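Engineer: What follows is work-v1.txt, made up of compact mmCIF, C-alpha atoms:
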```txt
# COMPACT_ATOMS: atom_id res chain seq x y z
CA MET A 1496 -41.72 -21.06 24.95
CA ILE A 1497 -45.01 -21.54 23.15
CA LYS A 1498 -47.98 -22.51 25.27
CA GLU A 1499 -50.33 -25.34 24.33
CA LEU A 1500 -52.10 -24.86 21.03
CA LYS A 1501 -55.87 -24.52 20.79
CA VAL A 1502 -57.57 -27.33 18.90
CA LYS A 1503 -60.71 -26.79 16.85
CA LYS A 1504 -62.69 -28.98 14.51
CA PHE A 1505 -61.27 -28.38 11.04
CA ARG A 1506 -63.14 -26.14 8.61
CA PRO A 1507 -61.97 -25.51 5.01
CA LYS A 1508 -61.94 -21.77 5.72
CA HIS A 1509 -59.07 -22.39 8.17
CA LEU A 1510 -56.78 -23.00 5.18
CA LYS A 1511 -57.16 -19.36 4.20
CA GLY A 1512 -55.34 -18.46 7.42
CA LEU A 1513 -52.26 -20.45 6.42
CA GLU A 1514 -49.44 -19.05 4.36
CA LEU A 1515 -49.48 -21.57 1.49
CA ARG A 1516 -47.57 -21.84 -1.72
CA PRO A 1517 -49.69 -20.41 -4.59
CA GLN A 1518 -49.98 -23.81 -6.30
CA ASP A 1519 -51.41 -25.34 -3.10
CA ILE A 1520 -54.17 -22.83 -2.39
CA ASN A 1521 -56.97 -23.84 -4.79
CA ARG A 1522 -56.18 -27.57 -4.72
CA ASN A 1523 -56.15 -27.76 -0.93
CA ILE A 1524 -59.32 -25.73 -0.40
CA LYS A 1525 -61.19 -27.83 -2.97
CA ASN A 1526 -59.87 -31.09 -1.50
CA ALA A 1527 -60.60 -30.00 2.07
CA ARG A 1528 -64.34 -30.16 1.45
CA LYS A 1529 -63.96 -33.83 0.45
CA TRP A 1530 -61.64 -34.54 3.37
CA ILE A 1531 -64.16 -33.51 6.00
CA ARG A 1532 -67.10 -35.26 4.30
CA HIS A 1533 -65.21 -38.57 4.35
CA GLY A 1534 -63.11 -38.33 7.49
CA VAL A 1535 -62.19 -36.34 10.54
CA ALA A 1536 -59.82 -33.38 10.89
CA TYR A 1537 -58.60 -30.72 13.31
CA SER A 1538 -56.96 -27.30 13.17
CA PHE A 1539 -54.32 -26.16 15.64
CA PHE A 1540 -53.99 -22.50 16.65
CA ASP A 1541 -51.51 -20.36 18.55
CA ASP A 1542 -53.99 -17.83 19.93
CA GLU A 1543 -55.92 -16.89 16.77
CA GLN A 1544 -53.13 -17.77 14.31
CA ILE A 1545 -53.59 -21.14 12.61
CA VAL A 1546 -50.39 -23.18 12.70
CA PHE A 1547 -51.38 -26.41 10.96
CA CYS A 1548 -54.34 -28.64 10.24
CA GLY A 1549 -54.67 -32.29 9.45
CA GLY A 1550 -56.75 -35.38 9.70
CA VAL A 1551 -57.62 -38.73 8.23
CA VAL A 1552 -59.84 -39.50 5.25
CA PHE A 1553 -61.56 -42.87 5.52
CA LEU A 1554 -60.88 -44.97 2.41
CA SER A 1555 -62.63 -48.21 3.38
CA ASP A 1556 -63.34 -50.26 6.50
CA GLY A 1557 -60.40 -49.85 8.84
CA ILE A 1558 -58.23 -47.88 6.41
CA GLY A 1559 -57.50 -44.16 6.40
CA GLU A 1560 -55.26 -41.70 4.59
CA ALA A 1561 -53.58 -39.07 6.77
CA TRP A 1562 -53.03 -35.52 5.57
CA ILE A 1563 -51.48 -32.41 7.06
CA ILE A 1564 -51.04 -28.85 5.85
CA CYS A 1565 -48.69 -26.52 7.70
CA ASP A 1566 -48.13 -22.79 7.73
CA ALA A 1567 -44.87 -21.55 6.22
CA ASN A 1568 -43.71 -20.67 9.77
CA ILE A 1569 -44.07 -24.24 11.05
CA ARG A 1570 -40.42 -24.54 12.11
CA LYS A 1571 -41.04 -22.69 15.38
CA TYR A 1572 -43.87 -25.14 16.14
CA VAL A 1573 -42.14 -28.42 15.26
CA ARG A 1574 -42.37 -29.73 18.83
CA TRP A 1575 -46.14 -29.15 18.81
CA LEU A 1576 -46.52 -30.56 15.31
CA TYR A 1577 -45.05 -33.89 16.50
CA LYS A 1578 -46.95 -33.90 19.80
CA TYR A 1579 -50.37 -33.25 18.32
CA SER A 1580 -49.86 -35.35 15.19
CA LYS A 1581 -48.95 -38.37 17.30
CA GLU A 1582 -51.78 -37.78 19.78
CA TYR A 1583 -54.52 -37.19 17.22
CA LEU A 1584 -53.47 -40.00 14.87
CA ASN A 1585 -53.68 -42.41 17.80
CA ARG A 1586 -57.03 -40.96 18.90
CA ILE A 1587 -58.50 -41.24 15.39
CA ARG A 1588 -57.15 -44.78 14.99
CA LYS A 1589 -58.82 -45.91 18.22
CA ASP A 1590 -62.09 -43.96 17.82
CA PHE A 1591 -62.67 -45.20 14.28
CA LYS A 1592 -61.15 -48.68 14.73
CA LEU A 1593 -58.56 -48.25 11.98
CA HIS A 1594 -55.98 -50.97 11.40
CA ARG A 1595 -54.07 -49.00 8.74
CA ILE A 1596 -53.29 -45.31 8.24
CA GLN A 1597 -51.30 -44.39 5.14
CA CYS A 1598 -49.95 -41.18 3.67
CA THR A 1599 -47.91 -40.00 0.72
CA VAL A 1600 -44.82 -37.81 0.68
CA ARG A 1601 -43.50 -36.06 -2.41
CA SER A 1602 -40.17 -37.52 -3.54
CA GLY A 1603 -37.24 -35.29 -2.57
CA TRP A 1604 -39.04 -33.69 0.40
CA ASP A 1605 -36.63 -35.00 3.02
CA GLU A 1606 -38.13 -33.09 5.98
CA ALA A 1607 -41.55 -34.64 5.37
CA GLU A 1608 -40.05 -38.12 5.08
CA ILE A 1609 -38.25 -37.68 8.41
CA PHE A 1610 -41.50 -36.37 9.95
CA VAL A 1611 -43.61 -39.39 8.95
CA GLN A 1612 -40.83 -41.84 9.85
CA ASN A 1613 -40.68 -40.28 13.33
CA LEU A 1614 -44.42 -40.94 13.58
CA ASN A 1615 -43.65 -44.64 12.96
CA PHE A 1616 -44.83 -44.75 9.36
CA LYS A 1617 -42.92 -47.24 7.21
CA LYS A 1618 -42.13 -46.71 3.54
CA GLU A 1619 -44.09 -49.18 1.41
CA GLY A 1620 -43.74 -48.05 -2.15
CA PHE A 1621 -43.00 -45.57 -4.89
CA LEU A 1622 -45.81 -43.80 -6.76
CA GLN A 1623 -44.66 -42.56 -10.13
CA LYS A 1624 -46.27 -39.35 -11.48
CA TYR A 1625 -48.79 -39.27 -8.65
CA ILE A 1626 -50.19 -36.02 -7.19
CA GLY A 1627 -49.45 -33.11 -9.51
CA LYS A 1628 -47.67 -35.59 -11.80
CA GLN A 1629 -44.83 -35.69 -9.26
CA ASN A 1630 -43.31 -38.83 -7.79
CA HIS A 1631 -44.31 -39.72 -4.23
CA TYR A 1632 -43.59 -42.39 -1.64
CA LEU A 1633 -46.34 -44.34 0.09
CA TYR A 1634 -45.97 -44.70 3.85
CA ALA A 1635 -48.19 -46.60 6.27
CA ARG A 1636 -48.72 -47.50 9.92
CA VAL A 1637 -50.36 -50.87 10.45
CA TRP A 1638 -51.74 -52.29 13.71
```
As a first step, turn the structure in this file into structure tokens.

Structural biologist:
Amino acid sequence: MIKELKVKKFRPKHLKGLELRPQDINRNIKNARKWIRHGVAYSFFDDEQIVFCGGVVFLSDGIGEAWIICDANIRKYVRWLYKYSKEYLNRIRKDFKLHRIQCTVRSGWDEAEIFVQNLNFKKEGFLQKYIGKQNHYLYARVW
């Protein structure tokens, strides 16, 4: 049984501690600097090992875009991924008075679609040739 994870304010350098796919490394580190300038984010650690990080980028008044990046070994932390994602999304929504949080999921990534649906996101649309020229689905939670 894994004990509670430690939560720290997200820093782009935390991404270097994750086992990422090669194509994600440069894009995510570059984007992370924008994410924290225009939003709020956290990193979650098992002792000193980073497990996942995520947050919300503020798009306009009351609207945010959620993001999450997980280590390749996330399967053993799935329970914690759900627990903290739900808790921190709700906290961010309340603290920043958001009425909409949206996210995108790459088409064909069934696990990610199940994950966001279990967080009560509803599928709203299809984004053709979106990030990395790949098709994505748009999901949102609206209050």

Engineer: Residues at most 8 Å from Gln1629 of chain A, counting only C-alpha atoms, excluding those fewer than 3 positions away in the same chain, as a list in words?

Structural biologist: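 Once the nearby chain positions are removed, what remains is Arg1601, Ser1602, Gln1623, Lys1624, Tyr1625 and Ile1626 of chain A.
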
Engineer: Which is closer to Cys1598 of chain A than all the others in A:Lys1578, A:Lys1617, A:Phe1610, A:Ala1561, using all atoms listed in the file?

Structural biologist: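 Of A:Lys1578, A:Lys1617, A:Phe1610, A:Ala1561, the one nearest Cys1598 of chain A, counting all atoms listed in the file, is A:Ala1561.
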
Engineer: When distances are computed from all atoms listed in the file, which of A:Gly1549, A:Gln1544, A:Leu1554, A:Ile1609 shows the smallest separation from Arg1506 of chain A?

Structural biologist: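 Of the candidates, the smallest distance to Arg1506 of chain A is held by A:Gly1549.
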
Engineer: Which residue, A:Ala1536, A:Val1637, A:Asn1615, A:Glu1514, has the smallest gap to Lys1592 of chain A when you use all atoms listed in the file?

Structural biologist: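 Looking at the shortest contact to Lys1592 of chain A, the residue is A:Val1637.
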
Engineer: Which is closest to Arg1588 of chain A among A:Glu1619, A:Ile1563, A:Gly1534, A:Glu1606, if we use only C-alpha atoms?

Structural biologist: A:Gly1534

Engineer: Fewer than 5 positions away in the same chain doesn't count, so skip those; otherwise give me all residues within 10 Å of Asn1613 of chain A, counting only C-alpha atoms, as a PDB file with C-alpha atoms, in the coordinates of the input.

Structural biologist:
```
ATOM      1  CA  TYR A1577     -45.050 -33.890  16.500  1.00  0.00           C
ATOM      2  CA  LYS A1581     -48.950 -38.370  17.300  1.00  0.00           C
ATOM      3  CA  ALA A1607     -41.550 -34.640   5.370  1.00  0.00           C
ATOM      4  CA  GLU A1608     -40.050 -38.120   5.080  1.00  0.00           C
TER       5      GLU A1608
END
```

Engineer: Looking at A:Gly1512, A:Cys1548, A:Lys1618, A:Val1611, which one is nearest to Ala1527 of chain A, with distances taken over all atoms listed in the file?

Structural biologist: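 Answer, going by the shortest atom-to-atom distance: A:Cys1548.
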
Engineer: Considering only C-alpha atoms, can you say which of A:Trp1604, A:Phe1591, A:Tyr1572, A:Trp1638 comes closest to Phe1539 of chain A?

Structural biologist: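 Using only C-alpha atoms, the shortest distance to Phe1539 of chain A belongs to A:Tyr1572.
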
Engineer: Quote the spacing between atom CA of Gly1559 of chain A and atom CA of Leu1593 of chain A in Å to one decimal place.

Structural biologist: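 Atom-to-atom, atom CA of Gly1559 of chain A to atom CA of Leu1593 of chain A, that is 7.0 Å.
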
Engineer: Find the residues near Phe1547 of chain A: any atom within 9 Å, counting all atoms listed in the file, skip ones fewer than 3 places away on the same chain, and give them as a ChimeraX atom specification.

Structural biologist: /A:1510,1513,1537-1540,1563-1566,1569,1576

Engineer: With all atoms of segment 1532-1544 of chain A from the file as input, state the centre and edge lengths in Å to one decimal of the axis-aligned box that has 6 Å extra on each side, as AutoDock Vina command-line options.

Structural biologist:
```
--center_x -59.3 --center_y -27.7 --center_z 12.1 --size_x 27.6 --size_y 33.7 --size_z 27.6
```

Engineer: In Å, with one decimal, what is the gap from atom CA of Val1552 of chain A to atom CA of Lys1498 of chain A?

Structural biologist: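 Computing it gives 28.8 Å between the two atoms.
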
Engineer: Residues around (-49.4, -48.2, 5.7), cut-off 7 Å, counting all atoms listed in the file - what are they as number ranges by chain?

Structural biologist: A: 1595-1597, 1616-1617, 1619, 1634-1637

Engineer: Since we have the selection now, will you write its residues out, keeping C-alpha atoms, as an mmCIF file, in the frame of the given file?

Structural biologist:
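Output file result-v3.cif follows:
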```cif
data_model
loop_
_atom_site.group_PDB
_atom_site.id
_atom_site.type_symbol
_atom_site.label_atom_id
_atom_site.label_comp_id
_atom_site.auth_asym_id
_atom_site.auth_seq_id
_atom_site.Cartn_x
_atom_site.Cartn_y
_atom_site.Cartn_z
ATOM 1 C CA ARG A 1595 -54.070 -49.000 8.740
ATOM 2 C CA ILE A 1596 -53.290 -45.310 8.240
ATOM 3 C CA GLN A 1597 -51.300 -44.390 5.140
ATOM 4 C CA PHE A 1616 -44.830 -44.750 9.360
ATOM 5 C CA LYS A 1617 -42.920 -47.240 7.210
ATOM 6 C CA GLU A 1619 -44.090 -49.180 1.410
ATOM 7 C CA TYR A 1634 -45.970 -44.700 3.850
ATOM 8 C CA ALA A 1635 -48.190 -46.600 6.270
ATOM 9 C CA ARG A 1636 -48.720 -47.500 9.920
ATOM 10 C CA VAL A 1637 -50.360 -50.870 10.450
#
```

Engineer: Between atom CA of Lys1525 of chain A and atom CA of Glu1543 of chain A, what distance in Å does the model show, to one decimal?

Structural biologist: 23.2 Å
